[in-house]
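Data from target27.cif: mmCIF, C-alpha atoms
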data_model
#
loop_
_atom_site.label_atom_id
_atom_site.label_comp_id
_atom_site.auth_asym_id
_atom_site.auth_seq_id
_atom_site.Cartn_x
_atom_site.Cartn_y
_atom_site.Cartn_z
CA MET A 1203 -4.56 -43.43 -23.69
CA ASN A 1204 -5.30 -39.82 -24.72
CA LEU A 1205 -5.63 -36.82 -22.43
CA PRO A 1206 -9.46 -36.66 -22.62
CA TYR A 1207 -9.58 -40.12 -21.05
CA TYR A 1208 -7.37 -39.00 -18.21
CA ILE A 1209 -9.76 -36.15 -17.54
CA PHE A 1210 -12.80 -38.40 -17.83
CA ILE A 1211 -11.42 -40.94 -15.34
CA ALA A 1212 -10.17 -38.22 -12.98
CA LEU A 1213 -13.65 -36.63 -12.91
CA ARG A 1214 -15.24 -40.02 -12.39
CA TYR A 1215 -12.89 -40.85 -9.52
CA LEU A 1216 -13.95 -37.67 -7.74
CA LYS A 1217 -17.38 -39.25 -7.46
CA SER A 1218 -17.64 -41.99 -4.89
CA LYS A 1219 -19.62 -45.18 -4.71
CA LYS A 1220 -22.67 -45.12 -2.49
CA ARG A 1221 -20.97 -47.25 0.11
CA HIS A 1222 -18.05 -44.80 0.31
CA LYS A 1223 -19.81 -41.45 0.50
CA GLY A 1224 -17.02 -40.00 2.64
CA ILE A 1225 -14.62 -39.77 -0.28
CA SER A 1226 -16.70 -37.29 -2.28
CA PHE A 1227 -17.43 -35.35 0.91
CA ASN A 1228 -13.69 -35.09 1.57
CA ALA A 1229 -13.25 -33.72 -1.93
CA LEU A 1230 -15.79 -31.00 -1.13
CA ILE A 1231 -13.93 -30.22 2.10
CA SER A 1232 -10.67 -29.93 0.16
CA ILE A 1233 -12.28 -27.56 -2.35
CA GLY A 1234 -13.74 -25.52 0.49
CA GLY A 1235 -10.37 -25.36 2.26
CA VAL A 1236 -8.63 -24.00 -0.83
CA ALA A 1237 -11.50 -21.55 -1.45
CA VAL A 1238 -11.42 -20.19 2.11
CA GLY A 1239 -7.64 -19.80 2.01
CA VAL A 1240 -7.71 -17.97 -1.31
CA MET A 1241 -10.59 -15.73 -0.22
CA ALA A 1242 -8.92 -14.81 3.09
CA LEU A 1243 -5.62 -14.08 1.37
CA LEU A 1244 -7.24 -11.83 -1.25
CA VAL A 1245 -9.28 -9.88 1.29
CA VAL A 1246 -6.27 -9.26 3.56
CA LEU A 1247 -3.99 -8.23 0.67
CA SER A 1248 -6.69 -5.92 -0.74
CA VAL A 1249 -7.22 -4.27 2.64
CA MET A 1250 -3.48 -3.77 3.14
CA SER A 1251 -3.20 -2.34 -0.38
CA GLY A 1252 -6.07 0.00 0.50
CA PHE A 1253 -4.27 1.21 3.63
CA GLN A 1254 -1.04 1.68 1.68
CA GLU A 1255 -2.76 3.62 -1.11
CA ASP A 1256 -4.61 5.83 1.38
CA LEU A 1257 -1.37 6.56 3.21
CA GLN A 1258 0.46 7.27 -0.04
CA ARG A 1259 -2.35 9.58 -1.18
CA LYS A 1260 -2.15 11.58 2.05
CA ILE A 1261 1.64 11.81 1.97
CA LEU A 1262 1.74 12.88 -1.68
CA GLY A 1263 -1.20 15.20 -1.14
CA PHE A 1264 0.74 17.18 1.41
CA ASN A 1265 4.25 16.78 0.01
CA ALA A 1266 5.90 17.39 -3.32
CA HIS A 1267 7.07 14.54 -5.53
CA VAL A 1268 10.64 15.89 -5.61
CA ILE A 1269 12.30 18.70 -3.66
CA VAL A 1270 15.49 20.56 -4.52
CA LEU A 1271 17.63 21.64 -1.57
CA ASP A 1272 20.98 23.30 -0.92
CA TYR A 1273 23.73 21.84 1.28
CA ARG A 1274 24.28 25.33 2.66
CA GLY A 1275 20.72 25.36 4.01
CA THR A 1276 19.44 28.29 1.93
CA ILE A 1277 18.98 28.72 -1.81
CA ALA A 1278 19.92 32.29 -2.57
CA GLU A 1279 19.92 32.04 -6.39
CA TYR A 1280 16.28 30.99 -6.64
CA ASN A 1281 15.70 32.32 -10.17
CA ASP A 1282 18.81 30.61 -11.53
CA VAL A 1283 17.60 27.23 -10.30
CA THR A 1284 14.06 27.66 -11.64
CA LYS A 1285 15.40 28.51 -15.11
CA LYS A 1286 17.11 25.12 -15.21
CA LEU A 1287 13.93 23.40 -14.06
CA GLU A 1288 11.74 24.99 -16.75
CA GLY A 1289 13.33 22.83 -19.45
CA GLU A 1290 12.25 19.57 -17.79
CA LYS A 1291 9.17 18.19 -19.58
CA GLU A 1292 8.39 15.72 -16.78
CA ILE A 1293 7.86 18.58 -14.30
CA SER A 1294 4.33 19.98 -14.39
CA SER A 1295 4.81 22.71 -11.75
CA PHE A 1296 7.12 23.89 -8.98
CA ALA A 1297 6.93 26.15 -5.95
CA PRO A 1298 9.48 27.65 -3.52
CA PHE A 1299 9.16 27.10 0.21
CA VAL A 1300 10.75 28.08 3.50
CA LEU A 1301 10.89 25.56 6.34
CA GLY A 1302 12.13 25.87 9.89
CA GLN A 1303 11.41 24.80 13.45
CA ALA A 1304 9.57 27.05 15.86
CA MET A 1305 7.13 26.97 18.74
CA VAL A 1306 3.45 27.87 18.70
CA SER A 1307 2.18 29.42 21.92
CA SER A 1308 -1.30 30.43 22.97
CA GLY A 1309 -1.89 31.50 26.55
CA LYS A 1310 -0.16 28.99 28.78
CA LYS A 1311 -0.04 26.28 26.10
CA ALA A 1312 2.79 25.74 23.63
CA HIS A 1313 3.89 23.13 21.10
CA GLY A 1314 6.91 22.68 18.84
CA VAL A 1315 6.12 22.75 15.10
CA PHE A 1316 7.59 23.08 11.63
CA LEU A 1317 6.76 26.49 10.16
CA LYS A 1318 6.47 26.32 6.36
CA GLY A 1319 6.31 29.42 4.22
CA ILE A 1320 4.61 29.05 0.83
CA LYS A 1321 3.35 31.02 -2.13
CA PRO A 1322 -0.36 30.06 -2.16
CA GLU A 1323 -0.87 30.57 -5.92
CA MET A 1324 2.10 28.31 -6.74
CA GLU A 1325 1.59 25.83 -3.89
CA SER A 1326 -1.97 25.05 -5.05
CA LYS A 1327 -0.55 23.85 -8.40
CA THR A 1328 2.26 21.80 -6.85
CA THR A 1329 0.64 20.02 -3.88
CA ASP A 1330 -2.90 19.24 -2.72
CA ILE A 1331 -2.54 20.98 0.63
CA PHE A 1332 -5.50 23.30 0.11
CA LYS A 1333 -7.83 20.36 -0.57
CA TYR A 1334 -7.55 19.41 3.09
CA ILE A 1335 -8.75 22.77 4.40
CA LYS A 1336 -11.74 22.20 6.68
CA GLU A 1337 -12.35 25.74 7.87
CA GLY A 1338 -11.37 29.19 6.60
CA ASN A 1339 -9.83 30.47 3.39
CA PRO A 1340 -6.38 29.04 2.56
CA GLU A 1341 -5.48 32.11 0.51
CA ASP A 1342 -6.24 34.52 3.35
CA LEU A 1343 -2.61 34.68 4.45
CA SER A 1344 -1.95 38.33 3.64
CA PRO A 1345 -1.37 40.59 6.70
CA LYS A 1346 -4.36 42.25 8.35
CA ASN A 1347 -3.59 45.07 10.74
CA GLY A 1348 0.04 44.06 10.37
CA ILE A 1349 -0.58 40.45 11.46
CA PRO A 1350 0.01 37.77 8.79
CA GLY A 1351 -2.23 34.72 8.48
CA ILE A 1352 -1.34 31.16 9.36
CA ILE A 1353 -2.87 27.73 8.69
CA LEU A 1354 -2.94 25.14 11.48
CA GLY A 1355 -3.68 21.45 11.62
CA LYS A 1356 -6.85 20.31 13.36
CA GLU A 1357 -5.02 18.35 16.06
CA LEU A 1358 -2.84 21.36 16.91
CA SER A 1359 -5.82 23.73 17.00
CA MET A 1360 -7.69 21.36 19.34
CA THR A 1361 -4.66 20.93 21.59
CA LEU A 1362 -4.09 24.68 21.93
CA GLY A 1363 -7.81 25.54 21.90
CA LEU A 1364 -7.57 27.74 18.81
CA PHE A 1365 -10.22 28.74 16.29
CA LYS A 1366 -10.31 30.69 13.06
CA GLY A 1367 -9.53 34.34 13.70
CA ASP A 1368 -7.57 33.78 16.93
CA THR A 1369 -4.11 35.27 17.35
CA ILE A 1370 -1.14 33.12 18.30
CA ASN A 1371 2.56 33.68 18.80
CA ILE A 1372 5.31 31.92 16.88
CA VAL A 1373 8.49 31.71 18.92
CA SER A 1374 11.96 31.00 17.55
CA PRO A 1375 14.84 30.00 19.85
CA PHE A 1376 17.24 31.81 17.54
CA GLY A 1377 16.75 35.46 18.40
CA GLU A 1378 18.85 38.53 19.03
CA ILE A 1379 21.45 39.04 21.71
CA GLY A 1380 20.34 41.58 24.31
CA PRO A 1381 21.67 42.90 27.60
CA LEU A 1382 20.47 39.76 29.37
CA GLY A 1383 21.69 37.33 26.73
CA MET A 1384 19.88 35.61 23.88
CA LEU A 1385 16.30 36.81 23.47
CA PRO A 1386 13.89 34.53 21.55
CA LYS A 1387 12.16 36.00 18.53
CA VAL A 1388 8.37 36.25 18.89
CA LYS A 1389 5.96 37.12 16.08
CA PRO A 1390 2.13 37.21 16.24
CA PHE A 1391 0.07 35.37 13.57
CA ARG A 1392 -3.64 35.21 12.86
CA VAL A 1393 -5.33 31.81 12.37
CA ALA A 1394 -6.63 32.05 8.80
CA ALA A 1395 -7.62 28.41 8.21
CA ILE A 1396 -7.52 24.91 9.69
CA PHE A 1397 -6.63 21.77 7.74
CA GLU A 1398 -7.05 18.07 8.42
CA VAL A 1399 -4.95 15.58 6.46
CA GLY A 1400 -5.77 12.56 8.60
CA MET A 1401 -2.17 11.94 9.66
CA PHE A 1402 -1.26 12.97 13.20
CA GLU A 1403 2.28 13.96 12.19
CA TYR A 1404 1.00 16.66 9.85
CA ASP A 1405 -2.14 17.71 11.72
CA MET A 1406 -0.15 18.27 14.90
CA ASN A 1407 3.31 19.40 13.86
CA LEU A 1408 3.00 21.54 10.72
CA VAL A 1409 1.80 25.13 10.24
CA LEU A 1410 1.70 27.12 7.02
CA THR A 1411 2.04 30.80 6.29
CA ASP A 1412 2.99 33.09 3.42
CA ILE A 1413 6.59 32.89 2.32
CA LYS A 1414 7.42 36.54 3.09
CA PRO A 1415 6.61 36.45 6.84
CA ALA A 1416 8.46 33.12 7.07
CA GLN A 1417 11.56 34.61 5.42
CA GLU A 1418 11.45 37.57 7.81
CA PHE A 1419 10.89 35.35 10.84
CA PHE A 1420 13.85 33.09 10.06
CA GLY A 1421 16.02 36.00 8.87
CA MET A 1422 16.57 34.51 5.40
CA GLY A 1423 16.12 37.70 3.39
CA ASP A 1424 15.11 36.66 -0.14
CA GLY A 1425 16.48 33.15 0.27
CA ILE A 1426 14.41 29.98 0.41
CA THR A 1427 14.86 26.53 1.91
CA GLY A 1428 14.05 24.61 -1.26
CA ILE A 1429 11.86 24.13 -4.31
CA GLU A 1430 8.99 21.65 -4.51
CA LEU A 1431 8.36 19.87 -7.81
CA ARG A 1432 5.21 18.19 -9.06
CA LEU A 1433 5.75 15.45 -11.66
CA LYS A 1434 3.48 14.15 -14.37
CA ASP A 1435 4.34 10.58 -13.37
CA ILE A 1436 5.09 10.08 -9.67
CA TYR A 1437 6.79 6.73 -10.25
CA LYS A 1438 9.49 8.39 -12.37
CA ALA A 1439 10.60 10.39 -9.33
CA PRO A 1440 13.87 8.46 -8.74
CA THR A 1441 14.94 8.85 -12.39
CA ILE A 1442 14.12 12.56 -12.47
CA ARG A 1443 15.86 13.08 -9.13
CA GLU A 1444 19.07 11.59 -10.49
CA ARG A 1445 18.82 13.67 -13.65
CA LEU A 1446 18.30 16.88 -11.66
CA GLN A 1447 21.22 15.95 -9.42
CA GLU A 1448 23.52 15.80 -12.45
CA LYS A 1449 22.05 18.94 -13.99
CA LEU A 1450 22.11 21.23 -10.93
CA LYS A 1451 25.36 19.89 -9.46
CA PHE A 1452 26.87 20.86 -6.10
CA PRO A 1453 25.81 22.52 -3.79
CA TYR A 1454 22.29 21.54 -4.84
CA TYR A 1455 20.77 18.12 -4.32
CA ALA A 1456 17.35 16.56 -4.86
CA LYS A 1457 15.21 14.12 -2.87
CA ASP A 1458 12.14 12.26 -4.13
CA TRP A 1459 9.05 11.12 -2.22
CA MET A 1460 10.09 7.45 -2.28
CA GLN A 1461 13.44 8.34 -0.77
CA MET A 1462 11.95 10.55 1.93
CA ASN A 1463 9.40 7.91 3.00
CA ARG A 1464 11.49 4.81 2.34
CA ASN A 1465 11.27 3.39 5.86
CA LEU A 1466 7.51 3.73 6.05
CA PHE A 1467 6.72 2.16 2.68
CA SER A 1468 9.36 -0.55 3.18
CA ALA A 1469 7.69 -1.49 6.47
CA LEU A 1470 4.29 -1.66 4.80
CA LYS A 1471 5.68 -3.77 1.96
CA LEU A 1472 7.36 -6.15 4.42
CA GLU A 1473 4.17 -6.42 6.47
CA LYS A 1474 2.14 -7.22 3.38
CA PHE A 1475 4.63 -9.91 2.35
CA ALA A 1476 4.59 -11.37 5.86
CA MET A 1477 0.79 -11.55 5.83
CA PHE A 1478 0.95 -13.27 2.43
CA ILE A 1479 3.28 -15.94 3.81
CA ILE A 1480 1.16 -16.44 6.93
CA LEU A 1481 -2.10 -16.78 5.06
CA VAL A 1482 -0.58 -19.11 2.46
CA LEU A 1483 -0.42 -21.58 5.36
CA ILE A 1484 -4.21 -21.80 5.15
CA ILE A 1485 -3.87 -23.04 1.59
CA LEU A 1486 -1.14 -25.45 2.73
CA VAL A 1487 -3.54 -26.89 5.29
CA ALA A 1488 -6.09 -27.33 2.51
CA SER A 1489 -3.42 -29.11 0.47
CA PHE A 1490 -3.12 -31.74 3.22
CA ASN A 1491 -6.83 -32.34 2.76
CA ILE A 1492 -6.12 -32.93 -0.92
CA VAL A 1493 -3.37 -35.43 -0.02
CA SER A 1494 -5.64 -37.35 2.37
CA THR A 1495 -8.51 -37.32 -0.15
CA LEU A 1496 -6.33 -38.73 -2.92
CA ILE A 1497 -4.79 -41.38 -0.66
CA MET A 1498 -8.26 -42.55 0.36
CA ASN A 1499 -9.27 -42.50 -3.27
CA VAL A 1500 -6.25 -44.63 -4.21
CA ILE A 1501 -7.21 -47.17 -1.53
CA GLU A 1502 -10.81 -47.24 -2.71
CA LYS A 1503 -9.93 -47.44 -6.40
CA SER A 1504 -7.14 -50.03 -6.05
CA ARG A 1505 -9.17 -52.63 -7.97
CA GLU A 1506 -9.93 -50.17 -10.79
CA ILE A 1507 -6.25 -49.16 -10.93
CA ALA A 1508 -5.25 -52.82 -11.26
CA ILE A 1509 -7.75 -53.31 -14.10
CA LEU A 1510 -6.42 -50.22 -15.89
CA LYS A 1511 -2.87 -51.55 -15.58
CA ALA A 1512 -3.98 -54.94 -16.85
CA MET A 1513 -5.53 -53.18 -19.86
CA GLY A 1514 -2.20 -51.51 -20.64
CA ALA A 1515 -2.22 -48.27 -18.65
CA THR A 1516 1.31 -47.14 -17.76
CA ASN A 1517 2.53 -45.85 -14.41
CA LYS A 1518 2.74 -42.41 -15.98
CA GLY A 1519 -0.90 -42.67 -17.05
CA ILE A 1520 -2.03 -43.65 -13.54
CA MET A 1521 -0.07 -40.75 -12.06
CA THR A 1522 -1.64 -38.35 -14.55
CA ILE A 1523 -5.16 -39.45 -13.54
CA PHE A 1524 -4.66 -38.73 -9.84
CA MET A 1525 -2.62 -35.58 -10.40
CA LEU A 1526 -5.43 -34.24 -12.60
CA GLN A 1527 -7.90 -35.18 -9.90
CA GLY A 1528 -6.04 -33.13 -7.28
CA LEU A 1529 -5.41 -30.33 -9.75
CA LEU A 1530 -9.14 -30.11 -10.49
CA ILE A 1531 -9.81 -29.76 -6.76
CA GLY A 1532 -7.27 -26.93 -6.59
CA ILE A 1533 -8.61 -25.15 -9.68
CA VAL A 1534 -12.25 -25.35 -8.56
CA GLY A 1535 -11.29 -24.20 -5.05
CA THR A 1536 -9.20 -21.34 -6.44
CA ILE A 1537 -11.96 -20.14 -8.79
CA THR A 1538 -14.47 -20.30 -5.94
CA GLY A 1539 -12.11 -18.43 -3.60
CA VAL A 1540 -11.31 -15.74 -6.16
CA SER A 1541 -15.01 -15.20 -6.88
CA CYS A 1542 -15.93 -15.01 -3.19
CA GLY A 1543 -12.91 -12.80 -2.42
CA TYR A 1544 -13.78 -10.38 -5.21
CA LEU A 1545 -17.41 -10.25 -4.10
CA LEU A 1546 -16.49 -9.66 -0.45
CA ASN A 1547 -13.98 -6.94 -1.38
CA TYR A 1548 -16.58 -5.27 -3.58
CA VAL A 1549 -19.15 -5.29 -0.78
CA LEU A 1550 -16.64 -3.93 1.76
CA ASP A 1551 -15.56 -1.15 -0.59
CA THR A 1552 -19.00 -0.20 -1.91
CA TYR A 1553 -21.18 -0.45 1.18
CA GLN A 1554 -18.45 0.31 3.78
CA ILE A 1555 -19.78 -2.32 6.17
CA ILE A 1556 -16.80 -2.24 8.54
CA LYS A 1557 -16.68 1.19 10.19
CA LEU A 1558 -13.58 2.59 11.88
CA PRO A 1559 -13.39 5.34 14.52
CA PRO A 1560 -12.12 8.40 12.58
CA ASP A 1561 -10.50 9.91 15.68
CA VAL A 1562 -8.25 6.84 16.01
CA TYR A 1563 -7.54 5.68 12.45
CA TYR A 1564 -8.47 8.85 10.52
CA LEU A 1565 -10.51 6.55 8.30
CA SER A 1566 -14.27 6.20 8.41
CA HIS A 1567 -14.27 2.70 6.93
CA LEU A 1568 -11.98 -0.16 6.03
CA PRO A 1569 -10.13 0.78 2.79
CA VAL A 1570 -10.04 -1.82 0.02
CA LYS A 1571 -7.91 -1.73 -3.12
CA MET A 1572 -8.10 -4.75 -5.42
CA LYS A 1573 -5.04 -5.30 -7.61
CA LEU A 1574 -4.87 -7.67 -10.56
CA PHE A 1575 -1.30 -8.63 -9.59
CA ASP A 1576 -2.46 -9.81 -6.14
CA PHE A 1577 -5.24 -11.91 -7.67
CA LEU A 1578 -2.84 -13.51 -10.17
CA VAL A 1579 -0.15 -14.29 -7.56
CA VAL A 1580 -2.67 -15.80 -5.13
CA SER A 1581 -4.36 -17.86 -7.85
CA ILE A 1582 -1.09 -19.21 -9.24
CA SER A 1583 0.19 -19.97 -5.72
CA ALA A 1584 -2.99 -21.84 -4.77
CA VAL A 1585 -3.04 -23.94 -7.96
CA THR A 1586 0.69 -24.68 -7.66
CA ILE A 1587 0.38 -25.81 -4.02
CA SER A 1588 -2.62 -27.97 -4.94
CA PHE A 1589 -0.68 -29.55 -7.80
CA LEU A 1590 2.36 -30.30 -5.64
CA ALA A 1591 0.08 -31.96 -3.08
CA THR A 1592 -0.94 -34.54 -5.71
CA ILE A 1593 2.55 -35.90 -6.39
CA TYR A 1594 2.87 -38.29 -3.43
CA PRO A 1595 -0.61 -39.93 -3.71
CA ALA A 1596 -0.22 -40.19 -7.52
CA ARG A 1597 3.15 -41.94 -7.15
CA GLN A 1598 1.65 -44.37 -4.64
CA ALA A 1599 -1.13 -45.17 -7.11
CA ALA A 1600 1.40 -45.73 -9.89
CA LYS A 1601 3.44 -48.12 -7.71
CA LEU A 1602 0.39 -50.27 -6.95
CA ASN A 1603 0.94 -53.93 -7.84
CA PRO A 1604 -2.03 -55.01 -10.03
CA VAL A 1605 -1.74 -58.64 -8.90
CA GLU A 1606 -2.68 -58.04 -5.24
CA PRO A 1607 -6.09 -56.36 -5.78
CA LEU A 1608 -7.11 -58.95 -8.45
CA ARG A 1609 -5.87 -62.06 -6.62
CA TYR A 1610 -9.22 -62.91 -5.10
CA GLU A 1611 -11.44 -61.63 -7.95
#
Spit out the file's structure as structure tokens when you get a sec.
Amino acid sequence: MNLPYYIFIALRYLKSKKRHKGISFNALISIGGVAVGVMALLVVLSVMSGFQEDLQRKILGFNAHVIVLDYRGTIAEYNDVTKKLEGEKEISSFAPFVLGQAMVSSGKKAHGVFLKGIKPEMESKTTDIFKYIKEGNPEDLSPKNGIPGIILGKELSMTLGLFKGDTINIVSPFGEIGPLGMLPKVKPFRVAAIFEVGMFEYDMNLVLTDIKPAQEFFGMGDGITGIELRLKDIYKAPTIRERLQEKLKFPYYAKDWMQMNRNLFSALKLEKFAMFIILVLIILVASFNIVSTLIMNVIEKSREIAILKAMGATNKGIMTIFMLQGLLIGIVGTITGVSCGYLLNYVLDTYQIIKLPPDVYYLSHLPVKMKLFDFLVVSISAVTISFLATIYPARQAAKLNPVEPLRYE
């Protein structure tokens, strides 16, 4: 018996006699169960990929791909380091920065922040910080009336009640020793602009200013905290970091964006995997429907199976018929689920049906990112589970004794 006959009989067995309409209806339920499981799995994975991509975009928009630091805390030989970086073809741009902890105070309100000093013309080529400016001019950091400019996050400005043009004080706990002991260093700054990244950690705890006032405030002279690097390919960051580590040697060291955010992205990856496992259970439930459908089909078709065996069909041939029958249910259900999942993801992404409160999630709608890898893994998993569900009923059909069903014919 050739393969086309197996397919022909398997397709015919999916159809039921008029007196046994429930069998074909069960087949439809099995197809629907697989389709719903596949669709749900694809939508959830696409939404989680959308959240992960949005988070990654915000993190990389505000941070460099690789940073070079010094174990001593300050890079004094800035020009010597940049000369070594200029020969790297994978680096598209770099920018120096100064970073330290301080306190922002306005009236009776205060909040601890990270004060970052930058060179605006170089920073704009290295990170996307200035793209998040919502109010003011990001390059207006030069001193006016002796007061340098500063850029605040929206959350911080709302907490302290600050607006563009207001004057604030930056306070450092490391000051000068006076007659009464340690005196904190206080320096006034003018609010030049306000940014909004959409991540509370940045919008609340980071302020930016020109690198010169930052160096003076932290008493670093001409030294810097580190050098930010922008790469042509962000996914080569670990390789480039290792190469820079060998090239610069001690006391310098490099850190890439994957390394700095390892815990966060590992948690997202684990959560996505956990959701995949949980939602695969829906497909497993659908596979039980396939098992019950095939068992009922074996019972109904026992006479036909006996006739096929009497005509010379082997046990392997009988198994193939019922395994193809279950496999067809899985394939049709998977194709239906993939089509519906793609359509639903497209609608969610294009028309932004599900709205989110921006003040809570910093997203106006549910993010969706469809990945070919997710679609392939889900499709292969669904078809594989459906195929495995056919083994037991197919073996039962193959073991059927042809004498019993034909005894009273």
>> What's around Arg1274 (chain A) at 10 Å? Count only C-alpha atoms, leave out sequence neighbours fewer than 4 positions away in its own chain, and write the answer as a list of chain:residue names.
In response: A:Ala1278, A:Thr1427, A:Pro1453, A:Tyr1454
Can you tell me which residues surround Asn1281 (chain A) at a distance of at most 12 Å, considering all atoms listed in the file, apart from same-chain residues fewer than 2 positions away, and format the answer as a PDB file with C-alpha atoms, in the coordinates of the input?
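Everything below was put into selection-v7.pdb:
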ATOM      1  CA  ILE A1277      18.980  28.720  -1.810  1.00  0.00           C
ATOM      2  CA  ALA A1278      19.920  32.290  -2.570  1.00  0.00           C
ATOM      3  CA  GLU A1279      19.920  32.040  -6.390  1.00  0.00           C
ATOM      4  CA  VAL A1283      17.600  27.230 -10.300  1.00  0.00           C
ATOM      5  CA  THR A1284      14.060  27.660 -11.640  1.00  0.00           C
ATOM      6  CA  LYS A1285      15.400  28.510 -15.110  1.00  0.00           C
ATOM      7  CA  LYS A1286      17.110  25.120 -15.210  1.00  0.00           C
ATOM      8  CA  LEU A1287      13.930  23.400 -14.060  1.00  0.00           C
ATOM      9  CA  GLU A1288      11.740  24.990 -16.750  1.00  0.00           C
ATOM     10  CA  ALA A1297       6.930  26.150  -5.950  1.00  0.00           C
ATOM     11  CA  PRO A1298       9.480  27.650  -3.520  1.00  0.00           C
ATOM     12  CA  ASP A1424      15.110  36.660  -0.140  1.00  0.00           C
ATOM     13  CA  GLY A1425      16.480  33.150   0.270  1.00  0.00           C
ATOM     14  CA  ILE A1426      14.410  29.980   0.410  1.00  0.00           C
ATOM     15  CA  GLY A1428      14.050  24.610  -1.260  1.00  0.00           C
ATOM     16  CA  ILE A1429      11.860  24.130  -4.310  1.00  0.00           C
TER      17      ILE A1429
END
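Considering the residues A:Ile1484, A:Ile1211, A:Val1570, A:Ala1229 and counting all atoms listed in the file, Leu1545 (chain A) has its shortest atom-to-atom contact with A:Val1570.
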> Which residues come within 9 Å of region 1337-1353 of chain A, counting all atoms listed in the file, excluding same-chain residues fewer than 2 positions away, as a list in words?
Replying inline: Pro1322, Glu1323, Phe1332, Ile1335, Gly1355, Lys1366, Gly1367, Thr1369, Lys1389, Pro1390, Phe1391, Arg1392, Val1393, Ala1394, Ala1395, Ile1396, Phe1397, Leu1408, Val1409, Leu1410, Thr1411, Asp1412 and Pro1415 of chain A
>> Considering only C-alpha atoms, can you say which of A:Val1373, A:Ile1479, A:Ala1600, A:Glu1325 comes closest to Ser1504 (chain A)?
In response: A:Ala1600
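Put simply, CA of Ser1326 (chain A) is 10.0 Å away from CA of Phe1296 (chain A).
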>> Can you pull out the residues contacting Lys1471 (chain A)? Cut-off 12 Å, using only C-alpha atoms, and skip same-chain residues under 4 positions away; I want them as a ChimeraX atom specification.
In response: /A:1247,1250-1251,1253-1255,1464-1467,1475-1478
> So which residues touch region 1258-1260 of chain A within 12 Å, counting all atoms listed in the file, skipping near sequence neighbours fewer than 5 positions away, as a list of chain:residue names?
Replying inline: A:Ser1251, A:Gly1252, A:Phe1253, A:Asn1265, A:Ala1266, A:His1267, A:Thr1329, A:Asp1330, A:Ile1331, A:Lys1333, A:Tyr1334, A:Glu1398, A:Val1399, A:Gly1400, A:Met1401, A:Phe1402, A:Glu1403, A:Tyr1404, A:Asp1405, A:Ile1436, A:Trp1459, A:Met1460, A:Asn1463, A:Arg1464, A:Leu1466, A:Phe1467, A:Leu1470, A:Tyr1564, A:Leu1565
> Care to translate the PyMOL selection byres ((chain A and resi 1539) around 8) into actual residues of this file, as a ChimeraX atom specification?
Replying inline: /A:1236-1241,1535-1538,1540-1543
Axis-aligned box for region 1573-1587 of chain A, 3 Å per side, centre and edges in Å as lines of an AutoDock Vina configuration file:
center_x = -2.3
center_y = -15.6
center_z = -7.3
size_x = 11.9
size_y = 26.5
size_z = 12.5
>> I need the residue nearest Leu1354 (chain A) from this list: A:Phe1316, A:Phe1376, A:Phe1420, A:Phe1589. Use only C-alpha atoms for the distance.
In response: A:Phe1316
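Between CA of Leu1244 (chain A) and CA of Gly1532 (chain A) lies a distance of 16.0 Å.
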>> Applying the PyMOL selection byres ((chain A and resi 1550) around 12) to the file I just gave you, which residues come out? Please list them as a ChimeraX atom specification.
In response: /A:1245-1246,1248-1249,1252,1543-1549,1551-1557,1567-1572
